[in-house]
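Worksheet for the structure shown next.
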Amino acid sequence: MRQIEFRGKRKADGKWVYGNLIQTYNAFGISQIFGRGEWLVDPDTVGQWIGKYDVNKNKIFEHDIVRTQYFGSYVGNSFDFTGIDTFEVVYSGSGFKLENKKRSYVLRDDVELEVIGNRFDTPELLGGGA
């Protein structure tokens, strides 16, 4: 069975919480099973686990900033296929993709990624092709 998990930043204190997404007509929340808690979260920070782990065995979520050598890097007006670039993990309506200001790729299972931050806590990490 496929596991579905979300995360979001609590409105009360800005800490990340993980669990099931709850959506009402005017609010978003995250709920953990077995009564461990329910929290209102900032809807802009809600992201889904993409079902993949990074090279350090961390779960990768939508809006994470990752780095990879798979696509090389974009330097000036050319590609350096030996370089490393950073991307944000985004949902595109039909699936997840890696995106920065210069390039966009459909997320593939054979691409090794390393989570280095996320767009809310460390947006400056979208350097590289950003």
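Residue numbers start at 1 in each chain; chains themselves are named A, B, ... in the order of the structure tokens; ligands are numbered from 1 in the order shown.
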* Could you give me, as a PyMOL selection string, the residues within 8 Å of Val66 in chain A, counting only C-alpha atoms and dropping anything in the same chain fewer than 4 positions from it? => chain A and resi 86-89+113-117
Please provide the set of residues having any atom within 12 Å of Asn118 in chain A, restricted to only C-alpha atoms, with same-chain residues fewer than 4 positions apart removed, written as a PDB file with C-alpha atoms, in the first residue's frame.
ATOM      1  CA  ARG A   7       3.814  18.292   6.435  1.00  0.00           C
ATOM      2  CA  GLY A   8       3.157  21.926   7.225  1.00  0.00           C
ATOM      3  CA  LYS A   9       4.342  24.660   9.567  1.00  0.00           C
ATOM      4  CA  TRP A  16       7.014  21.505  11.217  1.00  0.00           C
ATOM      5  CA  THR A  45       3.727  25.530   3.665  1.00  0.00           C
ATOM      6  CA  VAL A  46       1.749  22.313   3.122  1.00  0.00           C
ATOM      7  CA  GLY A  47       3.653  19.753   1.078  1.00  0.00           C
ATOM      8  CA  ILE A  60      11.667  14.140   0.366  1.00  0.00           C
ATOM      9  CA  PHE A  61       8.672  16.482   0.502  1.00  0.00           C
ATOM     10  CA  GLU A  62       7.151  18.897  -1.951  1.00  0.00           C
ATOM     11  CA  HIS A  63       8.971  22.280  -1.647  1.00  0.00           C
ATOM     12  CA  ASP A  64      12.201  20.683  -0.432  1.00  0.00           C
ATOM     13  CA  ILE A  65      15.380  22.037  -1.968  1.00  0.00           C
ATOM     14  CA  VAL A  66      17.551  19.230  -3.257  1.00  0.00           C
ATOM     15  CA  ARG A  67      20.865  18.980  -4.996  1.00  0.00           C
ATOM     16  CA  THR A  86      19.943  22.757  -6.817  1.00  0.00           C
ATOM     17  CA  PHE A  87      16.228  22.402  -7.499  1.00  0.00           C
ATOM     18  CA  GLU A  88      12.939  22.762  -5.685  1.00  0.00           C
ATOM     19  CA  VAL A  89      10.624  19.754  -5.660  1.00  0.00           C
ATOM     20  CA  VAL A  90       7.253  20.946  -7.006  1.00  0.00           C
ATOM     21  CA  GLU A 114      20.092  15.129  -1.364  1.00  0.00           C
ATOM     22  CA  THR A 122      16.309  28.166   3.492  1.00  0.00           C
ATOM     23  CA  PRO A 123      15.219  29.807   0.208  1.00  0.00           C
ATOM     24  CA  GLU A 124      18.739  31.126  -0.348  1.00  0.00           C
ATOM     25  CA  LEU A 125      19.833  27.540  -1.142  1.00  0.00           C
ATOM     26  CA  LEU A 126      18.112  27.793  -4.507  1.00  0.00           C
TER      27      LEU A 126
END
* Measure the distance from CA of Asn20 in chain A to CA of Asp110 in chain A in Å and round it to one decimal. =>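 Distance between the two atoms: 27.5 Å.
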* Asked: So, counting only C-alpha atoms, which residue among A:Ser73, A:Val106, A:Gly29, A:Asn58 is closest to Gly93 in chain A?
  ->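 Answer, going by the shortest atom-to-atom distance: A:Val106.
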* Asked: With distances taken over only C-alpha atoms, which of A:Lys11, A:Glu5, A:Phe120, A:Lys52 is nearest to Ser31 in chain A?
  -> A:Glu5
* Which residue out of A:Phe96, A:Tyr18, A:Tyr105, A:Trp49 has the minimum interatomic distance to Phe71 in chain A when only C-alpha atoms are used? ->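 Result for the nearest residue to Phe71 in chain A: A:Tyr105.
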* Residue nearest Asp54 in chain A - candidates A:Gln23, A:Ser104, A:Ser92, A:Thr68, atoms counted: only C-alpha atoms ->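 Among the listed residues, A:Thr68 lies closest to Asp54 in chain A.
All residues in chain A with a DSSP state of helix (DSSP H, G or I), computed from the backbone, read A:Ile33, A:Phe34, A:Gly35, A:Pro43, A:Asp44, A:Thr45, A:Pro123, A:Glu124, A:Leu125.
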Residues just named, written with N, CA and C atoms as a JSON list (two decimals), in the first residue's frame:
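Output file again.json follows:
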[["chain", "number", "residue", "atom", "x", "y", "z"],
["A", 33, "ILE", "N", -2.10, 10.22, 13.60],
["A", 33, "ILE", "CA", -3.01, 9.14, 13.97],
["A", 33, "ILE", "C", -2.90, 8.81, 15.45],
["A", 34, "PHE", "N", -3.88, 8.11, 15.94],
["A", 34, "PHE", "CA", -3.95, 7.65, 17.32],
["A", 34, "PHE", "C", -3.97, 8.80, 18.32],
["A", 35, "GLY", "N", -4.57, 9.94, 17.92],
["A", 35, "GLY", "CA", -4.80, 11.03, 18.84],
["A", 35, "GLY", "C", -3.55, 11.75, 19.34],
["A", 43, "PRO", "N", -1.29, 27.26, 5.18],
["A", 43, "PRO", "CA", -1.56, 26.50, 3.96],
["A", 43, "PRO", "C", -0.48, 26.64, 2.89],
["A", 44, "ASP", "N", 0.25, 27.74, 2.89],
["A", 44, "ASP", "CA", 1.33, 27.91, 1.91],
["A", 44, "ASP", "C", 2.48, 26.94, 2.12],
["A", 45, "THR", "N", 2.61, 26.42, 3.35],
["A", 45, "THR", "CA", 3.73, 25.53, 3.66],
["A", 45, "THR", "C", 3.39, 24.05, 3.51],
["A", 123, "PRO", "N", 15.41, 29.50, 1.63],
["A", 123, "PRO", "CA", 15.22, 29.81, 0.21],
["A", 123, "PRO", "C", 16.51, 30.23, -0.49],
["A", 124, "GLU", "N", 17.47, 30.71, 0.26],
["A", 124, "GLU", "CA", 18.74, 31.13, -0.35],
["A", 124, "GLU", "C", 19.51, 29.96, -0.96],
["A", 125, "LEU", "N", 19.15, 28.73, -0.59],
["A", 125, "LEU", "CA", 19.83, 27.54, -1.14],
["A", 125, "LEU", "C", 19.46, 27.27, -2.58]]
* Asked: Taking into account only C-alpha atoms, which residue in the set A:Lys15, A:Gln3, A:Glu38, A:Lys57 is nearest to Asp121 in chain A?
  -> A:Lys15
* Asked: range 2-76 of chain A: which residues are strand (DSSP E) by DSSP, as a PyMOL selection string?
  -> chain A and resi 6-9+16-23+28-32+37-41+47-53+59-61+64-68+73-75
Export of the given selection (N, CA, C and O atoms) as a compact mmCIF listing (two decimals), in the first residue's frame:
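What landed in out.txt:
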# COMPACT_ATOMS: atom_id res chain seq x y z
N PHE A 6 1.79 14.24 4.74
CA PHE A 6 1.94 15.67 4.49
C PHE A 6 2.72 16.30 5.64
O PHE A 6 2.82 15.73 6.73
N ARG A 7 3.23 17.49 5.37
CA ARG A 7 3.81 18.29 6.44
C ARG A 7 3.39 19.74 6.22
O ARG A 7 3.01 20.14 5.12
N GLY A 8 3.45 20.50 7.29
CA GLY A 8 3.16 21.93 7.22
C GLY A 8 3.70 22.59 8.47
O GLY A 8 3.96 21.93 9.47
N LYS A 9 3.85 23.91 8.41
CA LYS A 9 4.34 24.66 9.57
C LYS A 9 3.16 25.11 10.42
O LYS A 9 2.21 25.73 9.93
N TRP A 16 7.53 22.47 12.18
CA TRP A 16 7.01 21.50 11.22
C TRP A 16 6.27 20.39 11.93
O TRP A 16 6.72 19.90 12.98
N VAL A 17 5.11 20.00 11.38
CA VAL A 17 4.37 18.85 11.85
C VAL A 17 4.08 17.95 10.65
O VAL A 17 3.98 18.42 9.51
N TYR A 18 3.95 16.66 10.91
CA TYR A 18 3.81 15.65 9.86
C TYR A 18 2.61 14.78 10.16
O TYR A 18 2.35 14.45 11.31
N GLY A 19 1.88 14.40 9.11
CA GLY A 19 0.74 13.51 9.30
C GLY A 19 -0.24 13.60 8.14
O GLY A 19 0.15 13.81 6.99
N ASN A 20 -1.51 13.45 8.47
CA ASN A 20 -2.57 13.50 7.47
C ASN A 20 -3.06 14.93 7.28
O ASN A 20 -3.15 15.69 8.23
N LEU A 21 -3.41 15.27 6.05
CA LEU A 21 -3.90 16.61 5.75
C LEU A 21 -5.39 16.69 6.04
O LEU A 21 -6.16 15.83 5.63
N ILE A 22 -5.77 17.75 6.74
CA ILE A 22 -7.18 18.04 7.00
C ILE A 22 -7.47 19.39 6.37
O ILE A 22 -6.75 20.36 6.61
N GLN A 23 -8.51 19.45 5.56
CA GLN A 23 -8.86 20.71 4.90
C GLN A 23 -10.33 20.99 5.15
O GLN A 23 -11.19 20.16 4.89
N PHE A 28 -6.47 24.79 6.99
CA PHE A 28 -5.74 23.55 6.76
C PHE A 28 -5.16 23.09 8.08
O PHE A 28 -4.74 23.90 8.91
N GLY A 29 -5.11 21.78 8.26
CA GLY A 29 -4.52 21.23 9.46
C GLY A 29 -3.77 19.95 9.15
O GLY A 29 -3.93 19.35 8.09
N ILE A 30 -2.93 19.55 10.08
CA ILE A 30 -2.22 18.28 10.01
C ILE A 30 -2.64 17.50 11.25
O ILE A 30 -2.65 18.02 12.36
N SER A 31 -2.96 16.23 11.04
CA SER A 31 -3.40 15.37 12.13
C SER A 31 -2.51 14.14 12.17
O SER A 31 -2.20 13.56 11.13
N GLN A 32 -2.11 13.76 13.36
CA GLN A 32 -1.38 12.51 13.52
C GLN A 32 -2.33 11.44 14.03
O GLN A 32 -3.24 11.74 14.81
N GLY A 37 -2.25 14.34 18.05
CA GLY A 37 -2.35 15.78 17.88
C GLY A 37 -2.94 16.20 16.55
O GLY A 37 -2.90 15.47 15.57
N GLU A 38 -3.50 17.38 16.58
CA GLU A 38 -3.99 18.07 15.38
C GLU A 38 -3.56 19.52 15.49
O GLU A 38 -3.65 20.11 16.57
N TRP A 39 -3.07 20.08 14.38
CA TRP A 39 -2.56 21.44 14.41
C TRP A 39 -3.03 22.20 13.19
O TRP A 39 -3.05 21.67 12.07
N LEU A 40 -3.38 23.47 13.37
CA LEU A 40 -3.61 24.36 12.24
C LEU A 40 -2.26 24.71 11.64
O LEU A 40 -1.30 24.97 12.37
N VAL A 41 -2.18 24.67 10.32
CA VAL A 41 -0.91 24.97 9.66
C VAL A 41 -1.11 26.07 8.62
O VAL A 41 -2.20 26.30 8.14
N GLY A 47 3.02 20.51 2.15
CA GLY A 47 3.65 19.75 1.08
C GLY A 47 3.50 18.27 1.31
O GLY A 47 3.48 17.80 2.45
N GLN A 48 3.40 17.52 0.24
CA GLN A 48 3.21 16.07 0.31
C GLN A 48 4.55 15.35 0.20
O GLN A 48 5.45 15.78 -0.54
N TRP A 49 4.69 14.25 0.94
CA TRP A 49 5.85 13.38 0.77
C TRP A 49 5.76 12.79 -0.62
O TRP A 49 4.70 12.33 -1.05
N ILE A 50 6.85 12.79 -1.37
CA ILE A 50 6.82 12.35 -2.76
C ILE A 50 7.01 10.85 -2.90
O ILE A 50 7.02 10.32 -4.01
N GLY A 51 7.14 10.14 -1.78
CA GLY A 51 7.30 8.69 -1.82
C GLY A 51 8.73 8.25 -2.08
O GLY A 51 8.98 7.11 -2.43
N LYS A 52 9.66 9.16 -1.90
CA LYS A 52 11.06 8.88 -2.20
C LYS A 52 11.94 9.39 -1.05
O LYS A 52 11.60 10.36 -0.38
N TYR A 53 13.07 8.70 -0.86
CA TYR A 53 14.05 9.11 0.14
C TYR A 53 15.30 9.65 -0.55
O TYR A 53 15.63 9.24 -1.66
N LYS A 59 13.12 11.56 4.14
CA LYS A 59 11.97 11.68 3.25
C LYS A 59 12.07 12.99 2.48
O LYS A 59 12.47 14.02 3.03
N ILE A 60 11.68 12.94 1.20
CA ILE A 60 11.67 14.14 0.37
C ILE A 60 10.23 14.62 0.23
O ILE A 60 9.35 13.85 -0.15
N PHE A 61 10.00 15.88 0.57
CA PHE A 61 8.67 16.48 0.50
C PHE A 61 8.62 17.55 -0.58
O PHE A 61 9.65 18.13 -0.96
N ASP A 64 10.83 20.86 -0.89
CA ASP A 64 12.20 20.68 -0.43
C ASP A 64 13.15 21.22 -1.49
O ASP A 64 12.83 21.21 -2.69
N ILE A 65 14.30 21.66 -1.05
CA ILE A 65 15.38 22.04 -1.97
C ILE A 65 16.37 20.89 -1.95
O ILE A 65 16.82 20.46 -0.88
N VAL A 66 16.66 20.39 -3.13
CA VAL A 66 17.55 19.23 -3.26
C VAL A 66 18.71 19.58 -4.18
O VAL A 66 18.62 20.50 -4.99
N ARG A 67 19.77 18.83 -4.04
CA ARG A 67 20.86 18.98 -5.00
C ARG A 67 21.14 17.62 -5.62
O ARG A 67 20.92 16.58 -5.00
N THR A 68 21.61 17.69 -6.86
CA THR A 68 21.92 16.47 -7.60
C THR A 68 22.99 16.77 -8.63
O THR A 68 23.10 17.89 -9.12
N SER A 73 25.22 21.11 -14.07
CA SER A 73 24.85 22.46 -13.64
C SER A 73 24.80 23.37 -14.85
O SER A 73 25.36 23.08 -15.90
N TYR A 74 24.11 24.46 -14.68
CA TYR A 74 23.95 25.45 -15.75
C TYR A 74 24.83 26.64 -15.40
O TYR A 74 24.62 27.32 -14.40
N VAL A 75 25.85 26.88 -16.21
CA VAL A 75 26.81 27.96 -15.95
C VAL A 75 26.77 28.92 -17.12
O VAL A 75 27.07 28.55 -18.25
* Asked: CA of Gln69 in chain A and CA of Asp85 in chain A are how many Å apart?
  -> 6.5 Å
